[in-house]
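K.L.:
Below you'll find protein.cif; it's mmCIF, C-alpha atoms and all ligand atoms.
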data_upload
#
loop_
_atom_site.label_atom_id
_atom_site.label_comp_id
_atom_site.auth_asym_id
_atom_site.auth_seq_id
_atom_site.Cartn_x
_atom_site.Cartn_y
_atom_site.Cartn_z
CA MET A 1376 2.05 -14.78 12.14
CA ALA A 1377 3.97 -14.35 15.35
CA THR A 1378 5.00 -10.80 16.18
CA PHE A 1379 8.61 -9.80 15.66
CA GLU A 1380 11.00 -6.91 15.96
CA TYR A 1381 14.24 -6.16 14.20
CA ARG A 1382 17.54 -6.46 16.01
CA CYS A 1383 20.83 -5.12 14.71
CA THR A 1384 23.33 -7.95 14.29
CA ASP A 1385 26.16 -5.53 15.09
CA CYS A 1386 25.04 -3.38 18.04
CA GLY A 1387 22.01 -5.31 19.28
CA ARG A 1388 19.62 -2.34 19.24
CA THR A 1389 16.03 -3.33 18.55
CA TYR A 1390 13.44 -1.61 16.39
CA SER A 1391 9.77 -2.13 15.70
CA ARG A 1392 9.03 -3.43 12.24
CA ASP A 1393 8.03 -0.09 10.70
CA GLU A 1394 10.69 1.96 12.41
CA VAL A 1395 13.41 0.70 10.05
CA ARG A 1396 13.58 -0.51 6.48
CA TYR A 1397 17.08 -1.66 5.53
CA LEU A 1398 20.09 -1.37 7.85
CA CYS A 1399 20.33 -0.39 11.54
CA PRO A 1400 20.04 3.41 11.70
CA ALA A 1401 22.90 3.51 14.22
CA CYS A 1402 25.37 1.20 12.42
CA GLY A 1403 24.21 1.35 8.80
CA PRO A 1404 25.45 4.88 8.05
CA ALA A 1405 29.03 3.69 8.53
CA TYR A 1406 28.46 1.40 5.56
CA ARG A 1407 29.89 2.62 2.30
CA PRO A 1408 29.96 0.68 -0.96
CA GLY A 1409 33.11 -1.41 -1.07
CA ILE A 1410 32.88 -2.88 2.44
CA PRO A 1411 30.51 -5.61 3.68
CA LEU A 1412 27.20 -4.23 4.95
CA LEU A 1413 27.10 -2.99 8.55
CA GLY A 1414 24.01 -3.06 10.72
CA VAL A 1415 22.26 -5.93 8.94
CA LEU A 1416 18.94 -6.49 10.71
CA GLU A 1417 17.63 -9.76 12.04
CA ALA A 1418 13.92 -10.46 12.63
CA VAL A 1419 13.46 -11.68 16.19
CA PHE A 1420 10.11 -13.35 16.81
CA ASP A 1421 8.07 -14.02 19.89
CA TYR A 1422 9.34 -17.58 20.16
CA GLY A 1423 7.16 -18.39 23.15
CA ALA A 1424 4.09 -17.64 21.03
CA ILE A 1425 5.44 -19.77 18.20
CA ALA A 1426 6.21 -22.66 20.54
CA SER A 1427 2.71 -22.71 21.97
CA ALA A 1428 0.92 -22.39 18.60
CA PHE A 1429 3.17 -24.68 16.54
CA ASP A 1430 1.91 -28.19 15.77
CA ARG A 1431 4.70 -30.59 14.77
CA GLN A 1432 2.24 -32.78 12.89
CA ARG A 1433 0.82 -29.93 10.84
CA PRO A 1434 3.45 -27.19 10.76
CA ASP A 1435 2.10 -23.72 10.07
CA TRP A 1436 5.15 -21.96 8.66
CA ASN A 1437 3.32 -18.65 8.59
CA LEU A 1438 4.12 -18.52 12.31
CA PHE A 1439 7.77 -18.02 11.33
CA CYS A 1440 6.98 -15.60 8.51
CA PRO A 1441 7.41 -11.84 9.00
CA VAL A 1442 4.81 -10.78 6.42
CA GLU A 1443 1.10 -11.57 6.76
CA PRO A 1444 -0.27 -14.11 4.24
CA GLU A 1445 -2.75 -11.58 2.84
CA PHE A 1446 0.18 -9.76 1.19
CA HIS A 1447 1.88 -12.84 -0.27
CA PRO A 1448 2.20 -12.93 -4.07
CA PRO A 1449 0.13 -15.61 -5.87
CA PHE A 1450 3.35 -17.44 -6.65
CA PRO A 1451 4.06 -20.61 -4.68
CA VAL A 1452 7.78 -20.96 -4.01
CA GLY A 1453 9.86 -23.41 -2.03
CA ASN A 1454 8.57 -26.79 -0.87
CA THR A 1455 11.27 -28.26 -3.07
CA PRO A 1456 12.03 -31.97 -2.84
CA LEU A 1457 14.67 -33.45 -0.58
CA ALA A 1458 16.05 -36.44 -2.47
CA ARG A 1459 17.91 -39.23 -0.72
CA VAL A 1460 20.93 -39.89 -2.96
CA ASP A 1461 22.43 -43.23 -1.99
CA ARG A 1462 24.42 -43.80 -5.19
CA LEU A 1463 26.26 -40.54 -4.65
CA GLY A 1464 26.47 -41.04 -0.89
CA SER A 1465 28.23 -44.39 -1.22
CA GLU A 1466 30.93 -42.79 -3.40
CA LEU A 1467 31.56 -40.27 -0.64
CA GLY A 1468 31.48 -42.66 2.30
CA LEU A 1469 28.15 -41.32 3.55
CA GLU A 1470 25.23 -43.55 4.43
CA ARG A 1471 22.70 -40.76 4.73
CA LEU A 1472 23.05 -38.05 2.14
CA TRP A 1473 20.27 -35.89 0.72
CA VAL A 1474 20.07 -33.18 -1.93
CA LYS A 1475 17.61 -30.35 -1.41
CA ASN A 1476 16.78 -29.51 -5.00
CA ASP A 1477 16.07 -25.80 -4.99
CA GLY A 1478 16.59 -25.58 -8.72
CA LEU A 1479 12.95 -26.72 -8.85
CA ASN A 1480 11.68 -23.37 -7.66
CA PRO A 1481 9.52 -21.62 -10.28
CA SER A 1482 12.29 -19.43 -11.69
CA GLY A 1483 14.87 -22.14 -11.14
CA SER A 1484 16.74 -21.02 -8.04
CA LEU A 1485 16.55 -20.61 -4.30
CA LYS A 1486 16.36 -16.84 -4.85
CA ASP A 1487 12.60 -17.18 -5.36
CA ARG A 1488 12.27 -17.54 -1.60
CA ALA A 1489 13.75 -14.09 -0.92
CA SER A 1490 12.05 -12.34 -3.82
CA PHE A 1491 8.71 -13.73 -2.73
CA LEU A 1492 9.01 -12.24 0.74
CA VAL A 1493 10.34 -8.84 -0.34
CA ALA A 1494 7.52 -8.59 -2.89
CA ALA A 1495 5.05 -9.36 -0.08
CA GLU A 1496 6.64 -6.63 2.04
CA ALA A 1497 6.43 -4.15 -0.86
CA LYS A 1498 2.74 -4.97 -1.17
CA ARG A 1499 2.24 -4.37 2.55
CA LEU A 1500 4.02 -1.02 2.29
CA GLY A 1501 2.09 -0.02 -0.82
CA ILE A 1502 5.27 0.28 -2.94
CA ASP A 1503 4.90 -0.85 -6.56
CA LEU A 1504 8.49 -0.73 -7.75
CA ILE A 1505 11.07 -3.24 -6.51
CA VAL A 1506 14.72 -2.71 -7.43
CA ALA A 1507 17.51 -5.26 -7.30
CA ALA A 1508 21.11 -5.82 -8.24
CA SER A 1509 21.88 -9.40 -9.02
CA THR A 1510 24.36 -11.78 -10.58
CA GLY A 1511 21.29 -13.13 -12.39
CA ASN A 1512 19.19 -15.42 -10.25
CA ALA A 1513 17.90 -12.89 -7.71
CA ALA A 1514 16.83 -10.78 -10.64
CA SER A 1515 15.09 -13.55 -12.55
CA ALA A 1516 13.37 -14.56 -9.30
CA LEU A 1517 12.21 -11.02 -8.62
CA ALA A 1518 11.04 -10.60 -12.19
CA ALA A 1519 9.02 -13.82 -11.98
CA VAL A 1520 7.38 -12.96 -8.67
CA CYS A 1521 6.51 -9.47 -9.91
CA ALA A 1522 4.97 -10.93 -13.05
CA SER A 1523 2.60 -12.92 -10.86
CA SER A 1524 1.66 -10.04 -8.59
CA GLY A 1525 1.59 -7.18 -11.09
CA GLN A 1526 4.42 -5.35 -9.34
CA GLN A 1527 7.25 -3.69 -11.25
CA ALA A 1528 10.79 -5.05 -11.16
CA LEU A 1529 13.84 -2.97 -12.05
CA ILE A 1530 16.99 -5.00 -12.40
CA PHE A 1531 20.67 -4.05 -12.48
CA VAL A 1532 22.71 -6.98 -13.68
CA PRO A 1533 26.27 -7.43 -15.01
CA GLN A 1534 26.14 -7.65 -18.80
CA THR A 1535 28.10 -10.90 -18.54
CA ALA A 1536 25.26 -12.78 -16.79
CA PRO A 1537 24.42 -16.13 -18.47
CA LYS A 1538 22.00 -15.74 -21.39
CA ALA A 1539 19.23 -17.90 -19.94
CA LYS A 1540 19.01 -15.71 -16.85
CA LEU A 1541 18.81 -12.54 -18.97
CA VAL A 1542 16.16 -14.15 -21.18
CA GLN A 1543 14.12 -15.05 -18.09
CA MET A 1544 14.13 -11.50 -16.74
CA VAL A 1545 13.12 -9.96 -20.02
CA LEU A 1546 10.35 -12.51 -20.69
CA TYR A 1547 8.93 -12.09 -17.20
CA GLY A 1548 8.54 -8.42 -18.06
CA ALA A 1549 11.10 -6.76 -15.80
CA LYS A 1550 12.89 -3.58 -16.74
CA VAL A 1551 16.42 -4.90 -17.22
CA VAL A 1552 19.46 -2.65 -17.07
CA PRO A 1553 22.65 -4.56 -17.96
CA VAL A 1554 25.65 -2.85 -16.41
CA LYS A 1555 29.13 -2.64 -17.94
CA GLY A 1556 30.85 -3.79 -14.81
CA THR A 1557 30.73 -6.35 -12.05
CA TYR A 1558 27.97 -7.46 -9.73
CA ASP A 1559 29.48 -5.17 -7.10
CA ASP A 1560 29.10 -2.23 -9.51
CA ALA A 1561 25.46 -3.16 -10.09
CA PHE A 1562 24.93 -3.39 -6.30
CA ARG A 1563 26.24 0.16 -5.81
CA LEU A 1564 24.17 1.53 -8.66
CA SER A 1565 20.94 0.01 -7.39
CA LEU A 1566 21.49 1.54 -3.94
CA ASP A 1567 21.96 4.96 -5.55
CA TYR A 1568 18.83 4.39 -7.56
CA THR A 1569 16.52 3.61 -4.64
CA ALA A 1570 18.09 6.32 -2.46
CA GLN A 1571 17.46 8.98 -5.08
CA ARG A 1572 14.59 7.79 -7.23
CA GLY A 1573 12.54 5.51 -4.99
CA GLY A 1574 11.25 1.96 -5.03
CA LEU A 1575 11.91 -0.80 -2.51
CA ASN A 1576 15.44 -2.17 -2.67
CA ARG A 1577 15.68 -5.98 -2.64
CA ASN A 1578 19.46 -6.22 -2.50
CA THR A 1579 20.59 -9.28 -0.68
CA ALA A 1580 21.12 -8.78 3.11
CA TYR A 1581 20.50 -5.04 2.63
CA HIS A 1582 16.80 -5.81 2.83
CA PRO A 1583 16.50 -7.94 5.99
CA LEU A 1584 13.66 -10.02 4.60
CA THR A 1585 15.97 -11.58 1.99
CA ILE A 1586 17.48 -13.52 4.89
CA GLU A 1587 14.04 -14.38 6.25
CA GLY A 1588 12.96 -15.65 2.84
CA LYS A 1589 16.00 -17.86 2.46
CA LYS A 1590 15.60 -19.33 5.94
CA THR A 1591 12.55 -21.26 4.71
CA ALA A 1592 14.93 -23.78 3.12
CA ALA A 1593 16.08 -24.73 6.63
CA LEU A 1594 12.51 -25.00 7.96
CA GLU A 1595 11.64 -27.35 5.10
CA ILE A 1596 14.72 -29.51 5.64
CA TRP A 1597 13.66 -29.92 9.27
CA ALA A 1598 10.15 -30.99 8.24
CA GLN A 1599 11.41 -33.28 5.48
CA LEU A 1600 13.71 -35.04 7.93
CA GLY A 1601 10.77 -35.82 10.16
CA GLY A 1602 11.12 -32.87 12.52
CA THR A 1603 14.86 -33.14 13.10
CA ALA A 1604 17.91 -31.19 12.01
CA PRO A 1605 20.61 -32.90 9.94
CA ASP A 1606 24.19 -33.05 11.22
CA ALA A 1607 25.63 -30.94 8.42
CA VAL A 1608 24.40 -28.80 5.55
CA LEU A 1609 26.66 -27.79 2.67
CA VAL A 1610 25.95 -24.70 0.66
CA SER A 1611 27.76 -22.57 -1.86
CA VAL A 1612 28.54 -19.03 -0.77
CA GLY A 1613 28.72 -15.76 -2.68
CA ASP A 1614 27.28 -12.88 -0.63
CA GLY A 1615 26.67 -15.30 2.23
CA VAL A 1616 22.94 -14.71 2.49
CA ILE A 1617 21.79 -18.25 1.74
CA LEU A 1618 24.25 -19.38 4.39
CA GLY A 1619 22.99 -16.67 6.75
CA GLY A 1620 19.39 -17.59 5.95
CA LEU A 1621 19.94 -21.29 6.64
CA HIS A 1622 21.57 -20.39 9.93
CA LYS A 1623 18.64 -18.10 10.84
CA GLY A 1624 16.15 -20.86 10.02
CA PHE A 1625 17.87 -23.34 12.30
CA VAL A 1626 18.32 -20.68 15.00
CA ASP A 1627 14.58 -19.95 14.85
CA LEU A 1628 13.81 -23.66 15.20
CA LYS A 1629 16.14 -23.83 18.19
CA ARG A 1630 14.63 -20.73 19.83
CA ALA A 1631 11.18 -22.24 19.36
CA GLY A 1632 12.36 -25.41 21.08
CA LEU A 1633 12.09 -27.59 17.96
CA ILE A 1634 15.77 -28.59 17.75
CA LYS A 1635 18.49 -28.86 20.37
CA ARG A 1636 21.54 -27.88 18.36
CA LEU A 1637 22.39 -26.30 15.06
CA PRO A 1638 23.65 -28.42 12.21
CA GLN A 1639 27.22 -27.80 11.16
CA LEU A 1640 27.08 -25.33 8.29
CA ILE A 1641 29.73 -25.82 5.63
CA GLY A 1642 30.15 -22.92 3.23
CA VAL A 1643 31.85 -23.48 -0.11
CA GLN A 1644 33.33 -20.67 -2.19
CA ALA A 1645 35.01 -20.53 -5.57
CA GLU A 1646 38.77 -20.21 -5.26
CA SER A 1647 38.86 -16.73 -6.80
CA SER A 1648 35.79 -15.49 -4.90
CA ASP A 1649 36.89 -16.40 -1.40
CA ALA A 1650 36.44 -13.28 0.74
CA ILE A 1651 34.25 -15.04 3.32
CA HIS A 1652 36.49 -18.08 3.51
CA ARG A 1653 39.54 -15.92 4.26
CA TYR A 1654 37.54 -13.88 6.74
CA VAL A 1655 36.55 -17.02 8.64
CA GLN A 1656 40.10 -18.35 8.58
CA THR A 1657 41.91 -15.18 9.65
CA GLY A 1658 39.31 -13.01 11.39
CA HIS A 1659 40.28 -10.18 9.03
CA TYR A 1660 38.14 -9.10 6.13
CA SER A 1661 39.50 -8.20 2.70
CA ASP A 1662 37.88 -8.20 -0.76
CA ALA A 1663 38.31 -10.95 -3.34
CA LEU A 1664 39.99 -8.78 -5.92
CA ASN A 1665 39.46 -10.80 -9.07
CA PRO A 1666 36.46 -13.13 -8.62
CA VAL A 1667 36.53 -14.83 -12.00
CA THR A 1668 34.66 -18.14 -11.91
CA ARG A 1669 32.26 -20.12 -14.09
CA ALA A 1670 30.03 -20.29 -11.03
CA ASP A 1671 28.67 -16.82 -11.81
CA SER A 1672 26.14 -16.88 -8.96
CA ILE A 1673 28.90 -16.92 -6.36
CA SER A 1674 31.22 -14.44 -8.05
CA VAL A 1675 31.53 -11.44 -5.74
CA THR A 1676 34.30 -9.08 -4.72
CA CYS A 1677 32.77 -7.80 -1.49
CA PRO A 1678 30.13 -10.15 -0.03
CA SER A 1679 27.33 -8.07 1.46
CA ASN A 1680 26.70 -10.50 4.31
CA ALA A 1681 30.34 -11.31 5.12
CA HIS A 1682 29.90 -10.57 8.84
CA GLY A 1683 26.71 -12.60 9.17
CA ALA A 1684 28.16 -15.49 7.18
CA ARG A 1685 31.20 -15.66 9.43
CA ARG A 1686 28.99 -15.68 12.52
CA ALA A 1687 26.87 -18.47 11.02
CA ILE A 1688 29.95 -20.62 10.47
CA LEU A 1689 31.42 -19.98 13.91
CA GLU A 1690 28.15 -20.45 15.81
CA SER A 1691 27.35 -23.70 14.05
CA GLN A 1692 30.90 -24.98 14.50
CA GLY A 1693 31.02 -25.29 10.76
CA LEU A 1694 33.74 -24.51 8.31
CA THR A 1695 34.42 -22.91 4.96
CA LEU A 1696 36.54 -24.07 2.07
CA THR A 1697 37.25 -23.18 -1.53
CA VAL A 1698 37.09 -25.21 -4.72
CA THR A 1699 38.43 -24.68 -8.23
CA ASP A 1700 36.27 -24.32 -11.32
CA GLU A 1701 37.58 -27.69 -12.47
CA GLN A 1702 36.33 -29.27 -9.24
CA ILE A 1703 32.98 -27.48 -9.58
CA LEU A 1704 32.35 -28.66 -13.14
CA SER A 1705 33.45 -32.16 -12.31
CA ALA A 1706 31.08 -32.21 -9.31
CA GLN A 1707 28.28 -30.90 -11.52
CA ALA A 1708 28.75 -33.86 -13.85
CA GLN A 1709 28.99 -36.35 -10.98
CA LEU A 1710 25.81 -35.03 -9.37
CA ALA A 1711 23.92 -35.21 -12.65
CA ALA A 1712 25.11 -38.71 -13.48
CA ARG A 1713 24.56 -40.18 -10.00
CA THR A 1714 21.33 -38.50 -8.94
CA GLY A 1715 19.56 -37.10 -12.00
CA ILE A 1716 19.85 -33.62 -10.51
CA PHE A 1717 21.29 -31.02 -12.86
CA THR A 1718 22.37 -27.94 -10.96
CA GLU A 1719 24.18 -24.85 -12.18
CA PRO A 1720 27.88 -24.50 -11.35
CA ALA A 1721 27.22 -22.46 -8.19
CA GLY A 1722 24.94 -25.23 -6.94
CA ALA A 1723 27.52 -27.89 -7.75
CA ALA A 1724 30.13 -26.03 -5.70
CA ALA A 1725 28.46 -27.49 -2.60
CA LEU A 1726 29.18 -31.02 -3.83
CA ALA A 1727 32.72 -30.07 -4.86
CA GLY A 1728 33.15 -28.91 -1.28
CA LEU A 1729 31.75 -32.12 0.15
CA ILE A 1730 34.13 -34.17 -2.00
CA LYS A 1731 37.03 -32.12 -0.69
CA VAL A 1732 35.87 -32.43 2.92
CA GLN A 1733 35.58 -36.20 2.57
CA ASP A 1734 39.17 -36.32 1.31
CA GLY A 1735 40.59 -34.41 4.24
CA PRO A 1736 40.95 -34.30 8.02
CA GLN A 1737 37.47 -32.88 8.58
CA ARG A 1738 35.81 -35.85 6.92
CA LEU A 1739 32.21 -36.35 8.03
CA ALA A 1740 31.34 -39.64 9.74
CA ALA A 1741 29.74 -42.33 7.60
CA SER A 1742 26.60 -42.20 9.75
CA ALA A 1743 26.27 -38.38 9.63
CA ARG A 1744 23.04 -37.05 8.16
CA VAL A 1745 24.19 -34.64 5.49
CA VAL A 1746 22.23 -32.32 3.22
CA LEU A 1747 23.60 -30.69 0.08
CA LEU A 1748 21.74 -27.63 -1.07
CA ALA A 1749 21.49 -27.51 -4.89
CA THR A 1750 20.71 -23.83 -5.23
CA GLY A 1751 19.96 -23.35 -8.93
CA HIS A 1752 18.89 -25.30 -12.01
CA GLY A 1753 21.51 -26.52 -14.46
CA LEU A 1754 19.60 -25.29 -17.50
CA LYS A 1755 20.32 -21.73 -16.43
CA ASP A 1756 23.81 -22.02 -17.85
CA VAL A 1757 24.50 -24.85 -20.29
CA GLU A 1758 27.63 -23.16 -21.63
CA ALA A 1759 29.57 -23.99 -18.49
CA PRO A 1760 29.30 -27.80 -18.68
CA LEU A 1761 29.66 -27.71 -22.48
CA SER A 1762 33.24 -26.64 -21.95
CA ARG A 1763 34.10 -30.14 -20.72
CA ILE A 1764 31.77 -32.54 -22.53
CA SER A 1765 31.21 -33.30 -26.16
CA ILE A 1766 27.90 -34.09 -27.81
CA PRO A 1767 28.29 -37.18 -30.05
CA PRO A 1768 28.27 -36.50 -33.81
CA ALA A 1769 25.09 -37.21 -35.78
CA ILE A 1770 24.78 -40.40 -37.80
CA GLU A 1771 22.79 -41.39 -40.87
CA PRO A 1772 19.38 -42.71 -39.72
CA VAL A 1773 20.20 -46.33 -40.53
CA LEU A 1774 20.84 -49.18 -38.12
CA GLU A 1775 24.35 -49.94 -39.44
CA ALA A 1776 25.46 -46.43 -38.47
CA VAL A 1777 24.46 -46.81 -34.79
CA PRO A 1778 27.62 -47.28 -32.68
CA ALA A 1779 27.83 -50.72 -31.06
C1 LIG B 1801 22.79 -16.56 -5.10
C2 LIG B 1801 23.21 -17.95 -5.32
C3 LIG B 1801 24.17 -18.56 -4.50
C4 LIG B 1801 24.89 -17.86 -3.39
O1 LIG B 1801 24.05 -17.24 -2.46
P1 LIG B 1801 24.62 -16.05 -1.57
O2 LIG B 1801 23.52 -15.65 -0.70
O3 LIG B 1801 25.04 -14.98 -2.53
O4 LIG B 1801 25.80 -16.59 -0.85
C5 LIG B 1801 24.49 -19.87 -4.76
N1 LIG B 1801 23.92 -20.55 -5.77
C6 LIG B 1801 23.02 -19.99 -6.58
C7 LIG B 1801 22.44 -20.80 -7.69
C8 LIG B 1801 22.62 -18.68 -6.38
O5 LIG B 1801 21.73 -18.13 -7.22
ZN ZN B 1802 23.32 -1.35 15.00
#
For the structure just supplied, provide its representation as structure tokens.
Ligand SMILES: *Cc1c(COP(=O)(O)O)cnc(C)c1O
Ligand SMILES: [Zn+2]
P.N.:
Amino acid sequence: MATFEYRCTDCGRTYSRDEVRYLCPACGPAYRPGIPLLGVLEAVFDYGAIASAFDRQRPDWNLFCPVEPEFHPPFPVGNTPLARVDRLGSELGLERLWVKNDGLNPSGSLKDRASFLVAAEAKRLGIDLIVAASTGNAASALAAVCASSGQQALIFVPQTAPKAKLVQMVLYGAKVVPVKGTYDDAFRLSLDYTAQRGGLNRNTAYHPLTIEGKKTAALEIWAQLGGTAPDAVLVSVGDGVILGGLHKGFVDLKRAGLIKRLPQLIGVQAESSDAIHRYVQTGHYSDALNPVTRADSISVTCPSNAHGARRAILESQGLTLTVTDEQILSAQAQLAARTGIFTEPAGAAALAGLIKVQDGPQRLAASARVVLLATGHGLKDVEAPLSRISIPPAIEPVLEAVPA
């Protein structure tokens, strides 16, 4: 592990790793529930040390990891496949398109990467209880990791979360508290809980290592593309932490001298859950007041990492856009039928966004190397696609009854 310190993404103050836990002590206190987090911390490594120890042929990713391997849970996450998807690419006018299939993480979503690292940090700190608010996937990820390590997970989740995600959490043995309210309500409640009753809070962006965990997707993409960055990466955006994590991963690679420029990051939001998109477009933040979408994992009124997400888009010369639920479910079907990859609606939003980009003025060049991040497994929510397909009726088990 290379040494690191925390730096506030708002004021730039730096702190040693054990001097702070969640937000910047100078900026964080101005945060109140109902606005995006202030004083989100970034881990800044000794990049010179990484550059001299790093071997491109045999990458040791622990060099980029802020928690020592001895504390890691016995729960391998990440290392998900990057599939070249030429059938889909040709429909979109792209010669080099890949899907990073993060639905193949153990609990079925990219959230395993963040839960893994926060659980490692809890172990290092000697804290047994980890608390999270989640739309569903962060919670099922945390519950799974804790099952492997013998830590305790306490989960606040909207009661409307898809069944499969709730089933996962309960089976993994977490203490699950469904909340009559939104994800934002659960977020608030979990902060009150850890402030007053203890435990380590894993809320996304609030704990800085959630961003560090998610950055590993970018490091893997680099390795899987033979030690190069793609030209563009598309990702769906709710709180903006996967987007922020991808950005951090590519920034770390750049600071360590392993890439020359950042890929263009393209963030895709659901039409009704578009706070980050509007923030990028106008420079002014306001909540998404009624974030009702079938893509439950990206349904959020007040994205916790709105400021970081906007910076990631601007710095990478990327863009944001929104898509409708109809476009999301149609993209989900197209991805499944052209690539064999079944991703939940939030994952499919990235493809819906790519389709829209390819139809418009910001169309990516045919030769561009483009990666779509499929963030969660389709089996997590089969109700959503069922709303637009029909299962054929059963027949008598005789040959004459089989449709021609
Ligand atoms: C959490 C999640 C997202 C969005 O990530 P944010 O960090 O909230 O922007 C997208 N897709 C899936 C499947 C997720 O679980
Ligand atoms: Zn600060």
K.L.:
Compile the contact shell of Leu1575 of chain A as a PyMOL selection string: residues with an atom at most 7 Å away, counting only C-alpha atoms, same-chain residues fewer than 4 positions apart removed.
P.N.:
chain A and resi 1497+1502+1504-1506+1569
K.L.:
Considering only C-alpha atoms and all ligand atoms, give me a table of residues in chain A that are at most 7 Å from ligand ZN 1802 (chain B), with the closest atom pair and distance in Å for each, as a Markdown table.
P.N.:
| residue | atom | partner | partner_atom | distance |
| --- | --- | --- | --- | --- |
| A:Cys1383 | CA | B:ZN1802 | ZN | 4.5 |
| A:Thr1384 | CA | B:ZN1802 | ZN | 6.6 |
| A:Asp1385 | CA | B:ZN1802 | ZN | 5.1 |
| A:Cys1386 | CA | B:ZN1802 | ZN | 4.0 |
| A:Gly1387 | CA | B:ZN1802 | ZN | 6.0 |
| A:Arg1388 | CA | B:ZN1802 | ZN | 5.7 |
| A:Cys1399 | CA | B:ZN1802 | ZN | 4.7 |
| A:Pro1400 | CA | B:ZN1802 | ZN | 6.7 |
| A:Ala1401 | CA | B:ZN1802 | ZN | 4.9 |
| A:Cys1402 | CA | B:ZN1802 | ZN | 4.2 |
| A:Gly1403 | CA | B:ZN1802 | ZN | 6.8 |
| A:Gly1414 | CA | B:ZN1802 | ZN | 4.7 |
K.L.:
Counting all atoms listed in the file, what is within 7 Å of Val1745 of chain A, bar same-chain residues fewer than 4 positions away, as a ChimeraX atom specification?
P.N.:
/A:1471-1473,1605-1608
K.L.:
Using atom CA of Pro1720 of chain A and atom C5 of ligand LIG 1801 (chain B) as the two end points, give the distance in Å to one decimal.
P.N.:
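Distance between the two atoms: 8.7 Å.
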K.L.:
Residues contacting ligand LIG 1801 (chain B) - anything with an atom at most 8 Å away, using all atoms listed in the file - can you give me those as a PyMOL selection string?
P.N.:
chain A and resi 1478+1484-1486+1510-1513+1579+1610-1619+1672-1673+1678+1680+1718-1722+1749-1752
K.L.:
Could you tell me how far atom CA of Val1395 of chain A sits from atom CA of Gly1574 of chain A, in Å to one decimal place?
P.N.:
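Between atom CA of Gly1574 of chain A and atom CA of Val1395 of chain A the gap is 15.3 Å.
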K.L.:
Do you have the atom CA of Pro1408 of chain A-atom CA of Ala1536 of chain A distance handy?
P.N.:
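These two atoms are separated by 21.3 Å.
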K.L.:
If you count all atoms listed in the file, which residues fall within 12 Å of Thr1603 of chain A, apart from same-chain ones fewer than 2 positions away, as a list of chain:residue names?
P.N.:
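The filter keeps A:Arg1431, A:Ala1593, A:Leu1594, A:Glu1595, A:Ile1596, A:Trp1597, A:Ala1598, A:Gln1599, A:Leu1600, A:Gly1601, A:Pro1605, A:Asp1606, A:Ala1607, A:Phe1625, A:Leu1628, A:Lys1629, A:Gly1632, A:Leu1633, A:Ile1634, A:Lys1635, A:Arg1636, A:Leu1637, A:Pro1638, A:Arg1744.
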K.L.:
Of the residues A:Glu1470, A:Glu1496, A:Glu1701, A:Asp1662, which is the one nearest to Ala1645 of chain A, using all atoms listed in the file?
P.N.:
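The closest residue to Ala1645 of chain A is A:Glu1701.
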K.L.:
Select, from A:Leu1479, A:Val1554, A:Met1544, A:Leu1664, the residue with the minimum atom-to-atom distance to Asn1454 of chain A, counting all atoms listed in the file.
P.N.:
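Answer, going by the shortest atom-to-atom distance: A:Leu1479.
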K.L.:
Would you list the contacts of segment 1379-1382 of chain A as a list in words, taking every protein, DNA or RNA residue within 7 Å and counting only C-alpha atoms, but skipping same-chain residues closer than 5 positions in sequence?
P.N.:
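Listing them by chain and then by number gives Gly1387, Arg1388, Thr1389, Tyr1390, Ser1391, Arg1392, Leu1416, Glu1417, Ala1418, Val1419, Phe1420 and Asp1421 of chain A.
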K.L.:
Just give me the residues with any atom within 9 Å of (14.3, -16.4, -3.3), file coordinates, counting only C-alpha atoms, written as a list in words.
P.N.:
Val1452, Gly1453, Asn1480, Ser1484, Leu1485, Lys1486, Asp1487, Arg1488, Ala1489, Ser1490, Phe1491, Leu1492, Asn1512, Ala1513, Ala1516, Leu1517, Thr1585, Gly1588 and Lys1589 of chain A
K.L.:
Selected residues, C-alpha atoms, written as a tab-separated table (two decimals), in the coordinates of the input, please.
P.N.:
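The resulting file, selection-v1.tsv, is shown below:
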chain	number	residue	atom	x	y	z
A	1452	VAL	CA	7.78	-20.96	-4.01
A	1453	GLY	CA	9.86	-23.41	-2.03
A	1480	ASN	CA	11.68	-23.37	-7.66
A	1484	SER	CA	16.74	-21.02	-8.04
A	1485	LEU	CA	16.55	-20.61	-4.30
A	1486	LYS	CA	16.36	-16.84	-4.85
A	1487	ASP	CA	12.60	-17.18	-5.36
A	1488	ARG	CA	12.27	-17.54	-1.60
A	1489	ALA	CA	13.75	-14.09	-0.92
A	1490	SER	CA	12.05	-12.34	-3.82
A	1491	PHE	CA	8.71	-13.73	-2.73
A	1492	LEU	CA	9.01	-12.24	0.74
A	1512	ASN	CA	19.19	-15.42	-10.25
A	1513	ALA	CA	17.90	-12.89	-7.71
A	1516	ALA	CA	13.37	-14.56	-9.30
A	1517	LEU	CA	12.21	-11.02	-8.62
A	1585	THR	CA	15.97	-11.58	1.99
A	1588	GLY	CA	12.96	-15.65	2.84
A	1589	LYS	CA	16.00	-17.86	2.46
K.L.:
Go ahead and find all residues with at least one atom no further than 6 Å from (31.5, -23.2, 5.7) in the file's coordinates, using all atoms listed in the file; report them as a list in words.
P.N.:
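Answer for this query, in the requested form: Leu1640, Ile1641, Gly1642, Val1643, Ile1688, Gly1693, Leu1694 and Thr1695 of chain A.
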K.L.:
Considering all atoms listed in the file, can you say which of A:Thr1378, A:Gln1639, A:Asn1576, A:Gln1737 comes closest to Leu1529 of chain A?
P.N.:
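Closest to Leu1529 of chain A, using all atoms listed in the file: A:Asn1576.
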